[in-house]
>>> print(open('protein.txt').read())   # compact mmCIF, C-alpha atoms
# COMPACT_ATOMS: atom_id res chain seq x y z
CA MET A 12 -7.29 -35.95 47.06
CA THR A 13 -5.19 -33.13 45.70
CA SER A 14 -3.74 -35.40 43.00
CA ILE A 15 -7.19 -36.69 41.95
CA GLY A 16 -8.53 -33.14 41.89
CA SER A 17 -5.64 -31.96 39.74
CA LYS A 18 -6.21 -34.79 37.26
CA ALA A 19 -9.90 -33.92 37.05
CA VAL A 20 -9.07 -30.28 36.35
CA CYS A 21 -6.61 -31.31 33.65
CA ARG A 22 -9.19 -33.58 32.00
CA HIS A 23 -11.69 -30.71 32.09
CA VAL A 24 -9.22 -28.26 30.54
CA ILE A 25 -8.31 -30.74 27.80
CA ALA A 26 -11.96 -31.45 27.07
CA MET A 27 -12.78 -27.75 26.85
CA SER A 28 -9.79 -27.12 24.58
CA LEU A 29 -10.83 -29.94 22.26
CA PHE A 30 -14.39 -28.63 22.22
CA ALA A 31 -13.19 -25.12 21.34
CA LEU A 32 -10.91 -26.53 18.62
CA CYS A 33 -13.73 -28.54 17.08
CA ALA A 34 -16.07 -25.56 17.21
CA PHE A 35 -13.43 -23.33 15.57
CA SER A 36 -12.79 -25.97 12.90
CA ALA A 37 -16.51 -26.25 12.14
CA ALA A 38 -16.80 -22.46 11.89
CA ALA A 39 -13.85 -22.38 9.45
CA GLN A 40 -15.45 -25.06 7.28
CA ASN A 41 -18.73 -23.10 7.12
CA TYR A 42 -16.96 -19.83 6.37
CA PRO A 43 -18.31 -17.32 5.56
CA SER A 44 -21.74 -17.35 7.17
CA ARG A 45 -22.24 -13.62 7.85
CA THR A 46 -21.10 -10.14 6.85
CA ILE A 47 -17.36 -9.57 6.58
CA ARG A 48 -15.79 -6.22 7.51
CA LEU A 49 -12.96 -4.88 5.32
CA VAL A 50 -11.16 -2.18 7.29
CA VAL A 51 -9.61 0.71 5.36
CA PRO A 52 -7.20 2.64 7.60
CA PHE A 53 -7.76 5.87 5.66
CA SER A 54 -10.61 8.28 4.90
CA PRO A 55 -13.10 7.65 2.07
CA GLY A 56 -12.10 8.90 -1.36
CA GLY A 57 -8.40 8.00 -1.38
CA GLY A 58 -6.56 5.33 -3.31
CA THR A 59 -6.74 2.69 -0.58
CA ASP A 60 -10.46 3.30 -0.15
CA PHE A 61 -11.01 3.04 -3.91
CA PHE A 62 -9.24 -0.32 -4.15
CA ALA A 63 -11.02 -1.61 -1.06
CA ARG A 64 -14.46 -0.77 -2.44
CA VAL A 65 -13.75 -2.43 -5.79
CA VAL A 66 -12.37 -5.52 -4.02
CA ALA A 67 -15.25 -5.60 -1.49
CA GLY A 68 -17.87 -5.55 -4.23
CA LYS A 69 -16.24 -8.38 -6.09
CA LEU A 70 -15.59 -10.47 -2.97
CA THR A 71 -19.25 -10.11 -2.01
CA GLN A 72 -20.12 -11.83 -5.28
CA ALA A 73 -17.38 -14.46 -4.96
CA LEU A 74 -18.09 -15.40 -1.33
CA GLY A 75 -21.87 -15.08 -1.31
CA GLN A 76 -21.74 -12.87 1.80
CA GLN A 77 -21.64 -9.09 2.13
CA VAL A 78 -18.15 -7.59 2.41
CA ALA A 79 -18.60 -4.12 3.90
CA VAL A 80 -15.93 -1.39 3.87
CA ASP A 81 -15.22 0.20 7.26
CA ASN A 82 -13.08 3.37 7.14
CA ARG A 83 -11.00 3.84 10.31
CA ALA A 84 -8.67 6.73 9.49
CA GLY A 85 -6.02 8.34 11.63
CA ALA A 86 -2.30 8.53 12.40
CA GLY A 87 -1.12 7.66 8.90
CA GLY A 88 -3.15 4.46 8.80
CA ILE A 89 -1.97 3.22 12.19
CA ILE A 90 -5.36 3.35 13.97
CA GLY A 91 -7.24 1.17 11.48
CA THR A 92 -4.35 -1.22 10.99
CA ASP A 93 -3.98 -1.74 14.73
CA LEU A 94 -7.73 -2.36 15.04
CA VAL A 95 -7.42 -5.35 12.70
CA ALA A 96 -4.24 -6.56 14.41
CA LYS A 97 -6.19 -6.87 17.66
CA ALA A 98 -9.40 -8.30 16.15
CA ALA A 99 -10.51 -11.93 16.48
CA PRO A 100 -8.90 -14.12 13.77
CA ASP A 101 -12.25 -15.56 12.72
CA GLY A 102 -12.19 -14.28 9.14
CA TYR A 103 -14.81 -11.58 9.65
CA THR A 104 -12.40 -8.66 10.00
CA LEU A 105 -10.02 -8.01 7.11
CA LEU A 106 -7.48 -5.27 6.41
CA MET A 107 -6.80 -3.49 3.15
CA GLY A 108 -3.11 -2.91 3.80
CA HIS A 109 -0.46 -1.40 1.61
CA THR A 110 3.22 -0.53 1.47
CA GLY A 111 2.78 2.52 3.69
CA THR A 112 1.02 0.83 6.60
CA LEU A 113 2.98 -2.43 6.45
CA ALA A 114 6.47 -1.45 5.30
CA ILE A 115 6.99 2.29 5.85
CA ASN A 116 5.16 3.18 9.08
CA PRO A 117 7.26 0.92 11.37
CA ALA A 118 10.38 2.85 10.29
CA LEU A 119 8.75 6.26 10.01
CA TYR A 120 6.91 6.50 13.34
CA ALA A 121 8.58 6.45 16.74
CA LYS A 122 6.02 3.99 18.08
CA VAL A 123 3.75 1.67 16.10
CA PRO A 124 1.41 -0.55 18.20
CA TYR A 125 1.33 -3.42 15.72
CA ASP A 126 3.97 -5.66 14.19
CA PRO A 127 3.32 -6.12 10.44
CA VAL A 128 4.87 -9.61 10.48
CA ARG A 129 3.74 -11.01 13.83
CA ASP A 130 0.21 -9.57 13.99
CA PHE A 131 -1.19 -10.47 10.55
CA SER A 132 -1.94 -13.44 8.31
CA PRO A 133 -1.49 -12.26 4.70
CA VAL A 134 -4.08 -13.48 2.21
CA SER A 135 -3.00 -12.02 -1.14
CA LEU A 136 -1.76 -8.91 -2.84
CA VAL A 137 -4.43 -7.37 -5.07
CA ALA A 138 -2.96 -4.36 -6.89
CA ILE A 139 0.16 -2.39 -7.67
CA SER A 140 0.22 1.32 -8.46
CA PRO A 141 3.22 3.37 -9.64
CA LEU A 142 3.86 7.09 -9.40
CA VAL A 143 5.02 9.42 -12.14
CA LEU A 144 7.83 11.99 -11.97
CA VAL A 145 6.61 15.24 -13.53
CA THR A 146 8.00 18.74 -13.89
CA ASN A 147 6.57 22.14 -14.63
CA PRO A 148 7.30 22.90 -18.33
CA SER A 149 9.20 26.03 -17.28
CA LEU A 150 11.96 23.82 -15.84
CA PRO A 151 14.48 23.40 -18.69
CA VAL A 152 14.63 19.60 -18.62
CA LYS A 153 13.00 16.94 -20.77
CA SER A 154 14.43 13.77 -19.24
CA VAL A 155 15.52 12.28 -15.94
CA LYS A 156 19.17 12.59 -16.99
CA GLU A 157 18.71 16.29 -17.68
CA LEU A 158 16.96 16.79 -14.32
CA VAL A 159 19.83 15.07 -12.51
CA ALA A 160 22.41 17.14 -14.36
CA LEU A 161 20.57 20.40 -13.60
CA ALA A 162 20.12 19.47 -9.94
CA LYS A 163 23.85 18.81 -9.62
CA ARG A 164 24.60 22.22 -11.10
CA ARG A 165 22.07 23.86 -8.76
CA PRO A 166 22.20 21.93 -5.47
CA GLY A 167 19.22 22.71 -3.23
CA GLN A 168 17.71 25.20 -5.68
CA ILE A 169 15.18 22.90 -7.38
CA THR A 170 12.03 22.36 -5.34
CA TYR A 171 9.77 19.35 -5.26
CA ALA A 172 6.22 19.13 -3.90
CA SER A 173 4.72 16.22 -1.98
CA GLY A 174 1.40 15.28 -0.42
CA GLY A 175 2.98 15.65 3.02
CA SER A 176 6.02 14.58 5.02
CA GLY A 177 6.35 10.81 5.18
CA THR A 178 3.91 10.11 2.34
CA GLY A 179 4.71 7.91 -0.63
CA THR A 180 5.16 10.96 -2.87
CA HIS A 181 7.69 12.38 -0.40
CA LEU A 182 9.66 9.17 0.10
CA SER A 183 9.73 8.48 -3.64
CA ALA A 184 11.54 11.79 -4.10
CA GLU A 185 13.89 11.03 -1.22
CA LEU A 186 14.75 7.67 -2.81
CA PHE A 187 15.39 9.53 -6.08
CA LYS A 188 17.71 11.97 -4.30
CA MET A 189 19.64 9.11 -2.71
CA MET A 190 20.08 7.10 -5.90
CA ALA A 191 20.79 10.08 -8.19
CA GLY A 192 23.07 11.82 -5.69
CA VAL A 193 21.26 15.15 -5.90
CA ASP A 194 19.98 17.74 -3.44
CA LEU A 195 16.38 18.90 -3.97
CA THR A 196 14.34 21.07 -1.59
CA HIS A 197 11.15 19.53 -0.19
CA VAL A 198 7.92 21.55 -0.08
CA PRO A 199 5.21 19.49 1.70
CA TYR A 200 1.50 20.14 1.09
CA LYS A 201 -1.64 18.79 2.72
CA GLY A 202 -2.50 16.24 0.06
CA THR A 203 -1.36 15.08 -3.35
CA GLY A 204 -3.97 17.19 -5.16
CA ILE A 205 -2.63 20.42 -3.68
CA ALA A 206 0.93 19.35 -4.43
CA LEU A 207 -0.04 18.68 -8.03
CA THR A 208 -1.59 22.15 -8.30
CA ALA A 209 1.67 23.63 -7.02
CA GLY A 210 3.54 21.80 -9.75
CA ILE A 211 1.13 22.95 -12.46
CA SER A 212 1.28 26.58 -11.33
CA GLY A 213 5.06 26.60 -11.12
CA GLU A 214 5.07 27.16 -7.38
CA THR A 215 7.33 24.10 -7.27
CA ALA A 216 9.47 22.73 -10.06
CA THR A 217 8.80 19.03 -9.84
CA LEU A 218 7.05 16.25 -7.93
CA PHE A 219 6.22 12.57 -7.81
CA SER A 220 2.46 12.16 -8.29
CA THR A 221 -0.01 9.31 -8.32
CA LEU A 222 -1.05 8.59 -11.90
CA PRO A 223 -4.79 9.36 -12.13
CA PRO A 224 -4.75 13.10 -11.27
CA ALA A 225 -1.54 13.72 -13.23
CA VAL A 226 -2.34 11.99 -16.53
CA PRO A 227 -4.94 14.54 -17.81
CA HIS A 228 -2.44 17.39 -17.27
CA ILE A 229 0.29 15.41 -19.03
CA LYS A 230 -1.81 14.48 -22.06
CA SER A 231 -3.81 17.67 -22.62
CA GLY A 232 -2.34 21.12 -22.74
CA GLY A 233 1.11 20.12 -21.57
CA ARG A 234 0.65 21.66 -18.14
CA LEU A 235 2.96 19.00 -16.77
CA ARG A 236 5.90 17.23 -18.40
CA ALA A 237 6.23 13.54 -17.58
CA LEU A 238 9.78 12.26 -17.20
CA ALA A 239 9.30 8.69 -15.97
CA VAL A 240 7.06 6.26 -14.09
CA THR A 241 8.38 4.72 -10.89
CA SER A 242 7.52 1.07 -11.58
CA SER A 243 10.05 -1.49 -12.82
CA GLU A 244 8.00 -1.93 -16.00
CA ARG A 245 6.06 0.60 -18.06
CA SER A 246 2.52 1.29 -16.93
CA LYS A 247 -0.27 -0.01 -19.15
CA VAL A 248 -2.14 3.22 -18.39
CA VAL A 249 0.61 5.41 -19.94
CA PRO A 250 2.87 3.00 -21.85
CA GLU A 251 4.49 5.87 -23.71
CA ILE A 252 6.23 7.08 -20.52
CA ALA A 253 9.55 5.37 -19.81
CA THR A 254 10.52 3.87 -16.46
CA MET A 255 13.12 5.42 -14.17
CA ALA A 256 15.45 2.52 -14.99
CA GLU A 257 15.11 3.18 -18.72
CA SER A 258 15.74 6.86 -18.03
CA GLY A 259 19.16 6.42 -16.49
CA LEU A 260 18.45 5.34 -12.90
CA PRO A 261 18.72 1.52 -12.93
CA GLY A 262 17.25 -0.23 -9.89
CA TYR A 263 14.87 2.58 -8.99
CA GLU A 264 11.38 1.41 -8.09
CA SER A 265 8.73 3.03 -5.92
CA THR A 266 5.28 1.53 -6.06
CA LEU A 267 2.37 1.11 -3.71
CA ARG A 268 1.31 -2.51 -3.32
CA TYR A 269 -2.14 -3.21 -1.87
CA GLY A 270 -3.25 -6.46 -0.28
CA VAL A 271 -5.79 -8.20 1.94
CA LEU A 272 -4.77 -9.47 5.38
CA LEU A 273 -6.35 -11.20 8.38
CA PRO A 274 -5.38 -10.95 12.04
CA ALA A 275 -2.65 -13.44 12.98
CA GLY A 276 -3.90 -16.89 13.95
CA ALA A 277 -6.59 -17.22 11.28
CA ALA A 278 -7.34 -20.83 10.34
CA ASP A 279 -5.70 -22.15 7.17
CA ALA A 280 -9.14 -22.99 5.78
CA ILE A 281 -10.24 -19.36 6.10
CA VAL A 282 -7.03 -18.00 4.55
CA SER A 283 -7.40 -20.48 1.69
CA ALA A 284 -11.07 -19.62 1.08
CA LEU A 285 -10.29 -15.91 0.94
CA ARG A 286 -7.26 -16.36 -1.29
CA GLN A 287 -9.23 -18.44 -3.78
CA ALA A 288 -11.94 -15.77 -3.85
CA VAL A 289 -9.38 -12.99 -4.37
CA SER A 290 -7.69 -14.96 -7.16
CA ARG A 291 -11.01 -15.22 -9.00
CA VAL A 292 -11.64 -11.50 -8.57
CA LEU A 293 -8.25 -10.50 -10.00
CA THR A 294 -8.96 -12.16 -13.36
CA GLN A 295 -12.32 -10.48 -13.97
CA PRO A 296 -12.14 -7.97 -16.86
CA ASP A 297 -14.27 -5.31 -15.17
CA PHE A 298 -12.05 -5.47 -12.08
CA VAL A 299 -8.94 -5.00 -14.23
CA GLU A 300 -10.63 -2.07 -16.01
CA ALA A 301 -11.61 -0.46 -12.71
CA LEU A 302 -8.01 -0.61 -11.49
CA ALA A 303 -6.71 0.80 -14.78
CA ARG A 304 -8.94 3.86 -14.38
CA ASP A 305 -7.04 4.59 -11.16
CA GLY A 306 -3.63 3.91 -12.65
CA ALA A 307 -3.18 0.46 -11.12
CA GLU A 308 -2.84 -3.14 -12.24
CA PRO A 309 -3.92 -6.40 -10.55
CA LEU A 310 -1.21 -8.20 -8.60
CA SER A 311 -1.73 -11.71 -7.24
CA SER A 312 0.42 -13.55 -4.69
CA THR A 313 0.52 -16.37 -2.19
CA PRO A 314 0.62 -15.44 1.51
CA ASP A 315 4.35 -16.27 1.60
CA GLU A 316 5.03 -14.10 -1.44
CA PHE A 317 3.08 -11.28 0.22
CA ARG A 318 5.30 -11.56 3.32
CA ALA A 319 8.48 -11.66 1.24
CA VAL A 320 7.54 -8.58 -0.78
CA MET A 321 6.75 -6.54 2.33
CA ALA A 322 10.00 -7.63 4.01
CA ILE A 323 11.95 -6.32 1.01
CA GLU A 324 9.93 -3.10 0.97
CA ALA A 325 10.40 -2.59 4.72
CA LYS A 326 14.18 -2.88 4.40
CA LYS A 327 14.30 -0.47 1.47
CA TRP A 328 12.10 2.21 3.01
CA ALA A 329 13.78 1.96 6.42
CA ALA A 330 17.04 2.93 4.69
CA VAL A 331 15.34 5.86 2.96
CA VAL A 332 13.75 7.07 6.20
CA LYS A 333 17.08 6.84 8.03
CA ALA A 334 19.02 8.62 5.28
CA SER A 335 16.40 11.37 5.16
CA ASN A 336 16.42 11.87 8.95
CA LEU A 337 12.64 11.48 9.02
CA GLN A 338 10.77 10.73 12.23
CA MET A 339 7.03 11.13 12.73
CA GLN A 340 5.43 11.29 16.18
>>> encode(input="protein.txt", output="structure tokens")
Amino acid sequence: MTSIGSKAVCRHVIAMSLFALCAFSAAAQNYPSRTIRLVVPFSPGGGTDFFARVVAGKLTQALGQQVAVDNRAGAGGIIGTDLVAKAAPDGYTLLMGHTGTLAINPALYAKVPYDPVRDFSPVSLVAISPLVLVTNPSLPVKSVKELVALAKRRPGQITYASGGSGTGTHLSAELFKMMAGVDLTHVPYKGTGIALTAGISGETATLFSTLPPAVPHIKSGGRLRALAVTSSERSKVVPEIATMAESGLPGYESTLRYGVLLPAGAADAIVSALRQAVSRVLTQPDFVEALARDGAEPLSSTPDEFRAVMAIEAKKWAAVVKASNLQMQ
């Protein structure tokens, strides 16, 4: 009787598993059939939120279902990112991830509750945004080479502002210090805007800034002097500004890459449907124009390319974090 009972239980389990699989397959084929949530792991008004809202609006049109932005800020993006990592992989919870949450945080923070490789199914990259190295005009340098030479003559005397310890603006400067072999003194502020003001006023000598707030001060009045952009190629927003590589620091690149991800385990049909929709969005002229206004450019990828890019970024920034002796709690 025990053997017969065990066989009956096994048949029941198999039947239930097949039923669940068929139901999941049918749901994937009918995807999407209701509102989709796009989680932004930062507060409204920042760069990630901006990209998410532009993408959400366009995906709503492409998918025929509402894509609603859900801001879940906290702990450097960890709270919102972890929320998506633990969500059901049914295609109705997405993450707007970027280099910081996926490649930097695991090295920067002592404990991160999610694994950026194991816990997510990448869909596609959507945008890339460089920074710009600027100085206060009172600093007697007009090029990256001159800044490096001055910093070597005055080790530790030249200050640089950042939007806070562990931010992209901070780590971009630390990467610069490593590659140029110079010693600059870090002055962290509570936000990029405040750091930019410090650079304009002369409170600090230099900084790496996101493009949009810096460009008006570079182009009008000369309140900031631009030395180089941090991307491997010149930015279409300010094509007159050379890259770091062109300016004497070959191999330097520090950009924020943004992309859409699902929780791990999402059906291939759902990943494919979302990727096709994102691909259509990235070619729309008004989407490209919207990104350009925020100093970014569209960037498409396959899921595998997304994974590969973040693996490279993770290795690079882990080395920077280690060399800088940075550790966030």
>>> closest_residue(input="protein.txt", among="A:Pro52, A:Gly85, A:Gly175, A:Gly210", to="Arg234 in chain A", atoms="only C-alpha atoms")
A:Gly210
>>> closest_residue(input="protein.txt", among="A:Gln76, A:Ser154, A:Thr217, A:Thr146", to="Thr254 in chain A", atoms="only C-alpha atoms")
A:Ser154
>>> closest_residue(input="protein.txt", among="A:Val145, A:Leu136, A:Ile169, A:Val123", to="Ala96 in chain A", atoms="all atoms listed in the file")
A:Val123
>>> closest_residue(input="protein.txt", among="A:Gln168, A:Thr294, A:Thr178, A:Asn147", to="Asn116 in chain A", atoms="all atoms listed in the file")
A:Thr178
>>> residues_around(input="protein.txt", residues="Lys327 in chain A", least_positions_apart="3", cutoff="10 Å", atoms="all atoms listed in the file", output="VMD selection string")
chain A and resid 114 to 115 186 265 321 to 324 330 to 332
>>> closest_residue(input="protein.txt", among="A:Gln40, A:Gly177, A:Gly75, A:Lys156", to="Leu337 in chain A", atoms="only C-alpha atoms")
A:Gly177
>>> atom_distance(input="protein.txt", atom1="CA of Phe131 in chain A", atom2="CA of Leu273 in chain A")
5.6 Å
>>> closest_residue(input="protein.txt", among="A:Leu302, A:Leu285, A:Leu70, A:Val143", to="Val226 in chain A", atoms="all atoms listed in the file")
A:Val143
>>> residues_near_point(input="protein.txt", point="(-2.0, 8.4, -7.1)", cutoff="9 Å", atoms="all atoms listed in the file", output="PDB file with C-alpha atoms, keeping the file's coordinate frame")
ATOM      1  CA  GLY A  57      -8.400   8.000  -1.380  1.00  0.00           C
ATOM      2  CA  GLY A  58      -6.560   5.330  -3.310  1.00  0.00           C
ATOM      3  CA  SER A 140       0.220   1.320  -8.460  1.00  0.00           C
ATOM      4  CA  PRO A 141       3.220   3.370  -9.640  1.00  0.00           C
ATOM      5  CA  LEU A 142       3.860   7.090  -9.400  1.00  0.00           C
ATOM      6  CA  VAL A 143       5.020   9.420 -12.140  1.00  0.00           C
ATOM      7  CA  THR A 180       5.160  10.960  -2.870  1.00  0.00           C
ATOM      8  CA  THR A 203      -1.360  15.080  -3.350  1.00  0.00           C
ATOM      9  CA  SER A 220       2.460  12.160  -8.290  1.00  0.00           C
ATOM     10  CA  THR A 221      -0.010   9.310  -8.320  1.00  0.00           C
ATOM     11  CA  LEU A 222      -1.050   8.590 -11.900  1.00  0.00           C
ATOM     12  CA  PRO A 223      -4.790   9.360 -12.130  1.00  0.00           C
ATOM     13  CA  PRO A 224      -4.750  13.100 -11.270  1.00  0.00           C
ATOM     14  CA  ALA A 225      -1.540  13.720 -13.230  1.00  0.00           C
ATOM     15  CA  ASP A 305      -7.040   4.590 -11.160  1.00  0.00           C
ATOM     16  CA  GLY A 306      -3.630   3.910 -12.650  1.00  0.00           C
ATOM     17  CA  ALA A 307      -3.180   0.460 -11.120  1.00  0.00           C
TER      18      ALA A 307
END
>>> residues_near_point(input="protein.txt", point="(-0.9, -1.5, 2.1)", cutoff="10 Å", atoms="all atoms listed in the file", output="count of residues only")
26
>>> atom_distance(input="protein.txt", atom1="CA of Val65 in chain A", atom2="CA of Ser135 in chain A")
15.1 Å
>>> atom_distance(input="protein.txt", atom1="CA of Glu214 in chain A", atom2="CA of Val193 in chain A")
20.2 Å
>>> residues_around(input="protein.txt", residues="Val80 in chain A", least_positions_apart="4", cutoff="12 Å", atoms="only C-alpha atoms", output="list in words")
Thr46, Ile47, Arg48, Leu49, Val50, Val51, Pro52, Phe53, Ser54, Pro55, Thr59, Asp60, Phe61, Phe62, Ala63, Arg64, Val65, Val66, Ala67, Gly68, Leu70, Thr71, Gly91, Tyr103, Thr104, Leu105, Leu106 and Met107 of chain A
>>> build_atoms(input="protein.txt", residues="range 272-303 of chain A", atoms="N, CA and C atoms", output="compact mmCIF listing (two decimals), in the coordinates of the input")
# COMPACT_ATOMS: atom_id res chain seq x y z
N LEU A 272 -5.35 -8.72 4.27
CA LEU A 272 -4.77 -9.47 5.38
C LEU A 272 -5.82 -9.77 6.43
N LEU A 273 -5.55 -10.81 7.23
CA LEU A 273 -6.35 -11.20 8.38
C LEU A 273 -5.53 -10.99 9.65
N PRO A 274 -6.16 -10.94 10.80
CA PRO A 274 -5.38 -10.95 12.04
C PRO A 274 -4.59 -12.26 12.14
N ALA A 275 -3.47 -12.23 12.81
CA ALA A 275 -2.65 -13.44 12.98
C ALA A 275 -3.46 -14.52 13.69
N GLY A 276 -3.22 -15.76 13.31
CA GLY A 276 -3.90 -16.89 13.95
C GLY A 276 -5.12 -17.38 13.20
N ALA A 277 -5.43 -16.78 12.06
CA ALA A 277 -6.59 -17.22 11.28
C ALA A 277 -6.37 -18.65 10.79
N ALA A 278 -7.43 -19.44 10.77
CA ALA A 278 -7.34 -20.83 10.34
C ALA A 278 -6.93 -20.93 8.87
N ASP A 279 -6.16 -21.95 8.55
CA ASP A 279 -5.70 -22.15 7.17
C ASP A 279 -6.87 -22.23 6.20
N ALA A 280 -7.97 -22.85 6.64
CA ALA A 280 -9.14 -22.99 5.78
C ALA A 280 -9.73 -21.63 5.42
N ILE A 281 -9.71 -20.70 6.36
CA ILE A 281 -10.24 -19.36 6.10
C ILE A 281 -9.31 -18.59 5.16
N VAL A 282 -8.00 -18.66 5.42
CA VAL A 282 -7.03 -18.00 4.55
C VAL A 282 -7.15 -18.53 3.13
N SER A 283 -7.29 -19.85 3.01
CA SER A 283 -7.40 -20.48 1.69
C SER A 283 -8.67 -20.05 0.97
N ALA A 284 -9.79 -20.02 1.69
CA ALA A 284 -11.07 -19.62 1.08
C ALA A 284 -11.00 -18.19 0.56
N LEU A 285 -10.41 -17.31 1.35
CA LEU A 285 -10.29 -15.91 0.94
C LEU A 285 -9.34 -15.76 -0.24
N ARG A 286 -8.23 -16.48 -0.20
CA ARG A 286 -7.26 -16.36 -1.29
C ARG A 286 -7.85 -16.85 -2.61
N GLN A 287 -8.59 -17.94 -2.56
CA GLN A 287 -9.23 -18.44 -3.78
C GLN A 287 -10.22 -17.43 -4.33
N ALA A 288 -10.97 -16.78 -3.43
CA ALA A 288 -11.94 -15.77 -3.85
C ALA A 288 -11.23 -14.58 -4.46
N VAL A 289 -10.14 -14.13 -3.83
CA VAL A 289 -9.38 -12.99 -4.37
C VAL A 289 -8.79 -13.33 -5.73
N SER A 290 -8.28 -14.54 -5.88
CA SER A 290 -7.69 -14.96 -7.16
C SER A 290 -8.72 -14.90 -8.28
N ARG A 291 -9.96 -15.29 -7.98
CA ARG A 291 -11.01 -15.22 -9.00
C ARG A 291 -11.32 -13.77 -9.35
N VAL A 292 -11.33 -12.92 -8.36
CA VAL A 292 -11.64 -11.50 -8.57
C VAL A 292 -10.61 -10.85 -9.49
N LEU A 293 -9.32 -11.17 -9.27
CA LEU A 293 -8.25 -10.50 -10.00
C LEU A 293 -8.25 -10.78 -11.50
N THR A 294 -8.94 -11.82 -11.93
CA THR A 294 -8.96 -12.16 -13.36
C THR A 294 -10.20 -11.61 -14.07
N GLN A 295 -11.09 -10.98 -13.35
CA GLN A 295 -12.32 -10.48 -13.97
C GLN A 295 -12.05 -9.19 -14.74
N PRO A 296 -12.44 -9.13 -16.02
CA PRO A 296 -12.14 -7.97 -16.86
C PRO A 296 -12.61 -6.63 -16.29
N ASP A 297 -13.80 -6.59 -15.70
CA ASP A 297 -14.27 -5.31 -15.17
C ASP A 297 -13.47 -4.86 -13.95
N PHE A 298 -12.92 -5.82 -13.20
CA PHE A 298 -12.05 -5.47 -12.08
C PHE A 298 -10.74 -4.87 -12.61
N VAL A 299 -10.18 -5.50 -13.63
CA VAL A 299 -8.94 -5.00 -14.23
C VAL A 299 -9.16 -3.59 -14.80
N GLU A 300 -10.32 -3.38 -15.44
CA GLU A 300 -10.63 -2.07 -16.01
C GLU A 300 -10.79 -1.02 -14.92
N ALA A 301 -11.41 -1.40 -13.82
CA ALA A 301 -11.61 -0.46 -12.71
C ALA A 301 -10.26 -0.02 -12.14
N LEU A 302 -9.33 -0.96 -11.99
CA LEU A 302 -8.01 -0.61 -11.49
C LEU A 302 -7.28 0.31 -12.47
N ALA A 303 -7.39 0.01 -13.75
CA ALA A 303 -6.71 0.80 -14.78
C ALA A 303 -7.16 2.26 -14.75
